[in-house]
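One file, data-v4.cif, carrying mmCIF, C-alpha atoms:
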```cif
data_query
#
loop_
_atom_site.label_atom_id
_atom_site.label_comp_id
_atom_site.auth_asym_id
_atom_site.auth_seq_id
_atom_site.Cartn_x
_atom_site.Cartn_y
_atom_site.Cartn_z
CA MET L 550 103.08 106.11 104.37
CA ASN L 551 99.45 107.09 104.96
CA GLU L 552 97.78 106.94 101.59
CA THR L 553 94.40 108.54 100.94
CA THR L 554 91.95 106.31 99.10
CA ILE L 555 89.19 108.10 97.21
CA THR L 556 86.35 106.31 95.46
CA ALA L 557 84.04 108.29 93.19
CA GLN L 558 82.35 106.03 90.64
CA PRO L 559 81.22 107.85 87.47
CA GLY L 560 77.46 108.38 87.36
CA THR L 561 76.92 108.06 91.13
CA PRO L 562 76.42 110.86 93.73
CA PHE L 563 78.85 109.31 96.23
CA ILE L 564 82.41 109.98 97.32
CA GLU L 565 84.24 107.75 99.77
CA VAL L 566 87.52 108.80 101.37
CA VAL L 567 89.58 106.51 103.60
CA ARG L 568 92.74 107.64 105.40
CA GLU L 569 94.84 106.34 108.29
CA PHE L 570 96.57 108.54 110.87
CA ASP L 571 99.52 107.92 113.21
CA ALA L 572 97.56 108.94 116.30
CA PRO L 573 95.04 107.34 118.67
CA ARG L 574 91.35 107.70 117.90
CA GLU L 575 90.56 110.24 120.64
CA ARG L 576 93.23 112.63 119.39
CA VAL L 577 92.15 112.36 115.74
CA PHE L 578 88.57 112.98 116.79
CA ARG L 579 89.61 116.05 118.79
CA ALA L 580 91.54 117.49 115.80
CA TRP L 581 88.35 116.97 113.77
CA THR L 582 85.97 118.66 116.21
CA ASP L 583 87.92 121.27 118.24
CA PRO L 584 87.26 124.77 116.78
CA ASP L 585 90.83 125.80 117.67
CA LEU L 586 92.35 122.88 115.76
CA VAL L 587 90.11 122.57 112.68
CA PRO L 588 91.33 125.81 110.98
CA GLN L 589 94.90 124.52 111.25
CA TRP L 590 94.32 121.84 108.63
CA LEU L 591 90.99 122.12 106.81
CA GLY L 592 90.81 123.91 103.45
CA PRO L 593 92.75 124.57 100.27
CA ARG L 594 96.39 125.55 100.45
CA GLY L 595 97.08 129.28 100.42
CA MET L 596 93.64 130.14 101.80
CA THR L 597 92.95 131.32 105.33
CA MET L 598 90.04 129.79 107.21
CA LYS L 599 87.78 131.97 109.32
CA LEU L 600 85.64 129.95 111.69
CA PHE L 601 82.45 131.71 112.75
CA GLU L 602 80.79 128.81 114.51
CA TYR L 603 81.82 125.20 115.08
CA ASP L 604 79.66 123.32 117.59
CA ALA L 605 80.38 119.64 116.95
CA SER L 606 77.52 118.20 119.00
CA PRO L 607 74.13 116.74 118.00
CA GLY L 608 72.11 119.62 116.50
CA GLY L 609 75.09 122.01 116.60
CA CYS L 610 75.91 124.28 113.67
CA TYR L 611 79.08 125.25 111.86
CA ARG L 612 80.04 127.98 109.43
CA TYR L 613 83.43 128.88 108.04
CA VAL L 614 84.89 130.95 105.22
CA HIS L 615 87.96 130.15 103.14
CA ALA L 616 89.51 133.34 101.79
CA ASP L 617 92.41 134.52 99.67
CA ASP L 618 93.06 137.71 97.70
CA ARG L 619 90.75 136.43 94.93
CA GLY L 620 87.67 136.05 97.08
CA GLU L 621 85.80 134.26 99.83
CA HIS L 622 84.06 130.90 99.91
CA GLY L 623 81.58 130.21 102.71
CA PHE L 624 80.46 126.78 103.92
CA HIS L 625 77.93 125.82 106.54
CA GLY L 626 75.93 122.92 107.89
CA VAL L 627 74.50 121.13 110.89
CA PHE L 628 75.90 118.27 112.95
CA HIS L 629 73.09 115.73 112.80
CA ASN L 630 74.80 113.37 115.21
CA VAL L 631 78.16 113.28 116.98
CA VAL L 632 79.32 110.30 119.06
CA PRO L 633 82.67 111.28 120.69
CA GLY L 634 85.56 109.27 119.32
CA GLU L 635 83.33 107.29 116.99
CA LEU L 636 81.05 109.06 114.57
CA ILE L 637 80.16 112.39 112.95
CA VAL L 638 77.10 112.81 110.71
CA GLN L 639 76.79 116.31 109.27
CA THR L 640 75.27 118.27 106.43
CA PHE L 641 77.50 120.36 104.16
CA GLU L 642 76.60 123.27 101.90
CA TYR L 643 78.84 125.49 99.78
CA GLU L 644 77.31 128.96 99.83
CA GLY L 645 78.31 129.42 96.17
CA ALA L 646 75.81 126.64 95.32
CA PRO L 647 72.90 127.25 97.72
CA ASN L 648 70.61 124.36 98.65
CA GLN L 649 72.95 121.73 97.18
CA VAL L 650 73.24 120.05 100.55
CA SER L 651 75.35 116.94 100.93
CA LEU L 652 75.40 114.52 103.85
CA GLU L 653 78.72 113.38 105.31
CA THR L 654 79.28 110.42 107.59
CA MET L 655 82.68 110.01 109.25
CA THR L 656 83.62 106.96 111.30
CA PHE L 657 86.76 106.63 113.42
CA GLU L 658 88.25 103.18 113.82
CA ASP L 659 91.01 101.97 116.19
CA LEU L 660 93.96 100.27 114.52
CA SER L 661 96.87 98.53 116.23
CA GLY L 662 99.87 100.62 117.27
CA ASP L 663 97.86 103.69 118.31
CA ARG L 664 96.73 104.32 114.76
CA THR L 665 93.30 105.37 113.50
CA ARG L 666 91.41 104.85 110.28
CA VAL L 667 88.91 107.53 109.28
CA HIS L 668 86.24 106.48 106.81
CA GLY L 669 84.26 109.30 105.19
CA ARG L 670 81.20 108.85 103.00
CA THR L 671 79.50 111.78 101.30
CA VAL L 672 76.24 111.61 99.37
CA TYR L 673 75.25 114.54 97.15
CA THR L 674 71.72 115.28 95.96
CA THR L 675 72.72 114.88 92.30
CA VAL L 676 75.53 113.33 90.27
CA GLU L 677 76.19 116.78 88.76
CA GLY L 678 76.52 118.27 92.24
CA ARG L 679 79.11 115.69 93.18
CA ASP L 680 81.05 116.17 89.94
CA ALA L 681 81.07 119.94 90.45
CA MET L 682 82.45 119.50 93.97
CA VAL L 683 85.24 117.20 92.80
CA ALA L 684 85.95 119.54 89.87
CA SER L 685 86.42 122.46 92.28
CA GLY L 686 89.19 120.41 93.89
CA MET L 687 90.75 120.07 90.47
CA GLU L 688 90.45 123.79 89.93
CA HIS L 689 92.42 124.47 93.11
CA GLY L 690 95.02 121.91 92.14
CA LEU L 691 95.43 123.51 88.74
CA ARG L 692 95.52 126.95 90.30
CA ASP L 693 98.34 125.86 92.63
CA SER L 694 100.25 124.55 89.62
CA MET L 695 99.72 127.82 87.73
CA ASP L 696 100.93 129.79 90.74
CA ARG L 697 104.07 127.68 90.96
CA LEU L 698 104.63 128.17 87.25
CA ASP L 699 104.34 131.94 87.76
CA GLU L 700 107.01 131.71 90.47
CA VAL L 701 109.34 129.77 88.19
CA LEU L 702 108.78 132.19 85.30
CA ALA L 703 109.44 135.22 87.53
CA ARG L 704 112.97 134.04 88.40
CA MET D 1169 91.61 129.34 78.86
CA ALA D 1170 93.07 125.86 79.11
CA VAL D 1171 91.43 125.17 82.46
CA ASP D 1172 87.96 125.78 80.98
CA GLU D 1173 88.69 123.49 78.04
CA VAL D 1174 89.73 120.70 80.36
CA GLU D 1175 86.62 121.22 82.46
CA GLU D 1176 84.33 121.21 79.43
CA ARG D 1177 85.88 118.00 78.19
CA LEU D 1178 85.54 116.41 81.63
CA ASP D 1179 81.93 117.60 81.87
CA ARG D 1180 81.13 115.90 78.58
CA ALA D 1181 82.93 112.72 79.58
CA PHE D 1182 81.21 112.49 82.96
CA THR D 1183 77.80 113.30 81.49
CA ALA D 1184 78.39 110.59 78.91
CA LEU D 1185 79.22 108.10 81.67
CA GLY D 1186 76.19 109.14 83.72
CA ASP D 1187 74.07 106.53 81.95
CA PRO D 1188 74.00 102.77 82.69
CA VAL D 1189 73.78 101.71 79.02
CA ARG D 1190 76.78 103.87 78.07
CA ARG D 1191 78.78 102.58 81.03
CA ALA D 1192 78.00 99.03 79.90
CA LEU D 1193 79.17 99.92 76.37
CA VAL D 1194 82.44 101.32 77.78
CA ALA D 1195 82.88 98.19 79.92
CA ARG D 1196 82.35 95.99 76.85
CA LEU D 1197 84.81 98.04 74.75
CA SER D 1198 87.44 97.84 77.50
CA ARG D 1199 87.67 94.14 76.56
CA GLY D 1200 88.24 94.92 72.87
CA ASP D 1201 86.86 96.70 69.79
CA ALA D 1202 83.31 95.87 68.66
CA THR D 1203 80.86 96.84 65.95
CA VAL D 1204 77.52 98.55 66.64
CA ASN D 1205 75.74 95.23 65.96
CA GLU D 1206 77.92 93.39 68.43
CA LEU D 1207 77.46 96.14 71.02
CA ALA D 1208 73.68 96.19 70.56
CA GLU D 1209 73.29 92.43 71.07
CA PRO D 1210 73.00 92.23 74.90
CA PHE D 1211 70.58 95.19 75.14
CA ALA D 1212 66.78 95.12 74.98
CA ILE D 1213 66.80 98.43 73.09
CA THR D 1214 66.87 99.15 69.37
CA LYS D 1215 70.08 99.31 67.37
CA GLN D 1216 69.22 102.95 66.66
CA ALA D 1217 69.16 103.70 70.40
CA VAL D 1218 72.54 102.00 70.83
CA SER D 1219 73.88 104.05 67.91
CA ARG D 1220 72.75 107.22 69.65
CA HIS D 1221 74.54 106.18 72.87
CA ILE D 1222 77.69 105.46 70.85
CA HIS D 1223 77.44 108.87 69.27
CA VAL D 1224 77.33 110.49 72.75
CA LEU D 1225 80.44 108.54 73.81
CA GLU D 1226 82.14 109.53 70.54
CA THR D 1227 81.32 113.23 71.01
CA ALA D 1228 82.66 113.01 74.57
CA GLY D 1229 85.94 111.73 73.11
CA LEU D 1230 85.75 108.45 74.99
CA ILE D 1231 85.54 106.24 71.91
CA THR D 1232 86.70 106.49 68.32
CA ARG D 1233 85.46 104.74 65.17
CA SER D 1234 87.68 103.87 62.23
CA ARG D 1235 86.61 105.77 59.11
CA ASP D 1236 87.81 103.41 56.40
CA ALA D 1237 86.86 99.88 57.45
CA GLN D 1238 83.40 98.78 56.40
CA ARG D 1239 82.55 97.34 59.78
CA ARG D 1240 83.56 100.60 61.48
CA PRO D 1241 84.32 98.98 64.86
CA CYS D 1242 84.22 101.17 67.99
CA HIS D 1243 87.44 101.63 69.92
CA LEU D 1244 87.81 102.79 73.52
CA ASP D 1245 90.22 105.73 73.90
CA ALA D 1246 92.34 104.70 76.89
CA ALA D 1247 93.97 108.16 77.14
CA ALA D 1248 90.57 109.84 77.57
CA LEU D 1249 89.72 107.48 80.41
CA GLU D 1250 93.10 108.17 82.00
CA GLU D 1251 92.24 111.85 81.99
CA LEU D 1252 89.16 111.06 84.07
CA THR D 1253 91.40 109.18 86.49
CA SER D 1254 93.77 112.13 86.77
CA TRP D 1255 90.74 114.35 87.49
CA ILE D 1256 90.20 112.23 90.59
CA ASP D 1257 93.95 112.29 91.29
CA THR D 1258 93.96 116.08 91.49
CA TYR D 1259 91.04 115.97 93.93
CA ARG D 1260 92.98 113.32 95.85
CA LEU D 1261 95.96 115.68 95.98
CA GLU D 1262 93.77 118.43 97.41
CA VAL D 1263 92.33 116.11 100.09
CA GLU D 1264 95.80 114.73 100.79
CA ARG D 1265 97.15 118.23 101.44
CA ASN D 1266 94.50 118.69 104.13
CA TYR D 1267 95.37 115.39 105.72
CA ARG D 1268 99.12 116.08 105.67
CA ARG D 1269 98.38 119.25 107.64
CA LEU D 1270 96.20 117.19 109.98
CA ASP D 1271 99.16 114.79 110.45
CA ALA D 1272 101.22 117.80 111.57
CA VAL D 1273 98.45 119.01 113.93
CA LEU D 1274 98.22 115.53 115.47
CA GLU D 1275 102.01 115.47 115.96
CA THR D 1276 101.87 118.86 117.74
CA MET D 1277 99.03 117.58 119.95
CA ARG D 1278 101.12 114.52 120.86
CA GLU D 1279 104.02 116.72 121.94
CA GLN D 1280 101.73 118.91 124.01
CA GLU D 1281 100.20 115.90 125.78
CA LYS D 1282 103.62 114.69 126.97
#
```
As structure tokens, the full file:
Amino acid sequence: MNETTITAQPGTPFIEVVREFDAPRERVFRAWTDPDLVPQWLGPRGMTMKLFEYDASPGGCYRYVHADDRGEHGFHGVFHNVVPGELIVQTFEYEGAPNQVSLETMTFEDLSGDRTRVHGRTVYTTVEGRDAMVASGMEHGLRDSMDRLDEVLAR
Amino acid sequence: MAVDEVEERLDRAFTALGDPVRRALVARLSRGDATVNELAEPFAITKQAVSRHIHVLETAGLITRSRDAQRRPCHLDAAALEELTSWIDTYRLEVERNYRRLDAVLETMREQEK
């Protein structure tokens, strides 16, 4: 079982996410950086992801839009540094909250048995900015629950 | 709507915890109830300032104070703290969904590499 560990201490602008994958490091890194593969997994459930640009190399840019029938949410940023198989440092901005730019650092670590541990650290410019980002995750979670409830009620 | 209420309550709770003195007060109360005097002891600020911090925590629903007893000790509301934990849990669920899909993508890649 690959459990996701999330650390977000109250009153700090940091989020740390650690997750292990049943795949060698090179493959995990490719799934993380290949513009054909990224839309297959990134983003909230029930939303389509449109990738307009995804150049995972030092100085490269990315922009994508998550959309459903309720609206569109755009995200963009710059890859500050990319070391193949090892490291990604990128900026991240939700276009619904312009100029609230966070910095993400992802490291990819070899584990025994062809497994990989990905360690992500994100630092936001303010504590409020971080809390709002986490809260938007909650919103989606609640929305999913509401949708399922609608399905049950419609039977 | 219920979602907004939950968010407002969480906003208040997280704002309340966005202060080192208030976090220290919560940490102290997690070990047991205490009066304002007892809570104020380790701090180099006035008892009035500590009272104000306690009031913020009380408004945020994180602590309660008994109305009848003369000492009026402060009590940490464990359920309110659990709600903050579940806030993170829902975010965790969202992140986990992404990573489950990534697991599937990695499995497809493995098959294609054969």
TODO: Would you give me, as a VMD selection string, the residues of chain D that come within 12 Å of chain L, using all atoms listed in the file?
DONE: chain D and resid 1170 to 1172 1174 to 1192 1194 1249 1251 to 1281
Given the file above and the PyMOL selection byres ((chain L and resi 648-664) around 8), which residues are selected, and can you give them as a PyMOL selection string? chain L and resi 569-574+578+634-643+646-647+665-674+678
Need the shell around D:His1221: protein/DNA/RNA residues with any atom at most 9 Å away, counting only C-alpha atoms. Skip same-chain ones fewer than 2 positions apart. Format as a VMD selection string? chain D and resid 1184 1189 to 1190 1193 1216 to 1219 1223 to 1226
TODO: Tell me, as a list in words, which residues lie within 12 Å of L:Phe601, counting all atoms listed in the file; anything in the same chain fewer than 3 positions away does not count.
DONE: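 Here the answer would be Pro584, Asp585, Val587, Pro588, Met598, Asp604, Cys610, Tyr611, Arg612, Tyr613, Val614, His615, Gly623, Phe624, His625 and Gly626 of chain L.
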| Between atom CA of L:Glu575 and atom CA of L:Val631, what is the spacing in Å? |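 Atom CA of L:Glu575 lies at a distance of 13.3 Å from atom CA of L:Val631.
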- Item | Atomic separation - atom CA of D:Glu1206 relative to atom CA of D:Leu1244, Å |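 Result for atom CA of D:Leu1244 versus atom CA of D:Glu1206: 14.6 Å, one decimal.
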Point to revise | For atom CA of D:Ala1228 and atom CA of D:Glu1209, the interatomic separation in Å (one decimal) | key: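 Atom CA of D:Glu1209 lies 22.9 Å from atom CA of D:Ala1228.
Using the PyMOL selection byres ((chain L and resi 629) around 6) on the file at hand returns these residues: Pro607, Gly608, Val627, Phe628, Asn630, Val638 and Gln639 of chain L.
With all atoms listed in the file as the atoms that count, the minimum distance from L:Pro633 to the choices L:Arg679, L:Gly645, L:Glu621, L:Ala605 is reached by L:Ala605.
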Checklist line | Within 7 Å of file point (88.9, 110.9, 73.4), counting all atoms listed in the file, expressed as JSON, numbers by chain | finding: {"D": [1228, 1229, 1230, 1231, 1245, 1247, 1248]}
Picked residues, the PyMOL selection byres ((chain D and resi 1198-1203) around 8), expected as a PDB file with C-alpha atoms, keeping the file's coordinate frame:
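Dumped everything to part-v8.pdb:
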```pdb
ATOM      1  CA  VAL D1194      82.440 101.320  77.780  1.00  0.00           C
ATOM      2  CA  ALA D1195      82.880  98.190  79.920  1.00  0.00           C
ATOM      3  CA  ARG D1196      82.350  95.990  76.850  1.00  0.00           C
ATOM      4  CA  LEU D1197      84.810  98.040  74.750  1.00  0.00           C
ATOM      5  CA  VAL D1204      77.520  98.550  66.640  1.00  0.00           C
ATOM      6  CA  ASN D1205      75.740  95.230  65.960  1.00  0.00           C
ATOM      7  CA  GLU D1206      77.920  93.390  68.430  1.00  0.00           C
ATOM      8  CA  LEU D1207      77.460  96.140  71.020  1.00  0.00           C
ATOM      9  CA  ARG D1239      82.550  97.340  59.780  1.00  0.00           C
ATOM     10  CA  ARG D1240      83.560 100.600  61.480  1.00  0.00           C
ATOM     11  CA  PRO D1241      84.320  98.980  64.860  1.00  0.00           C
ATOM     12  CA  CYS D1242      84.220 101.170  67.990  1.00  0.00           C
ATOM     13  CA  HIS D1243      87.440 101.630  69.920  1.00  0.00           C
ATOM     14  CA  LEU D1244      87.810 102.790  73.520  1.00  0.00           C
TER      15      LEU D1244
END
```
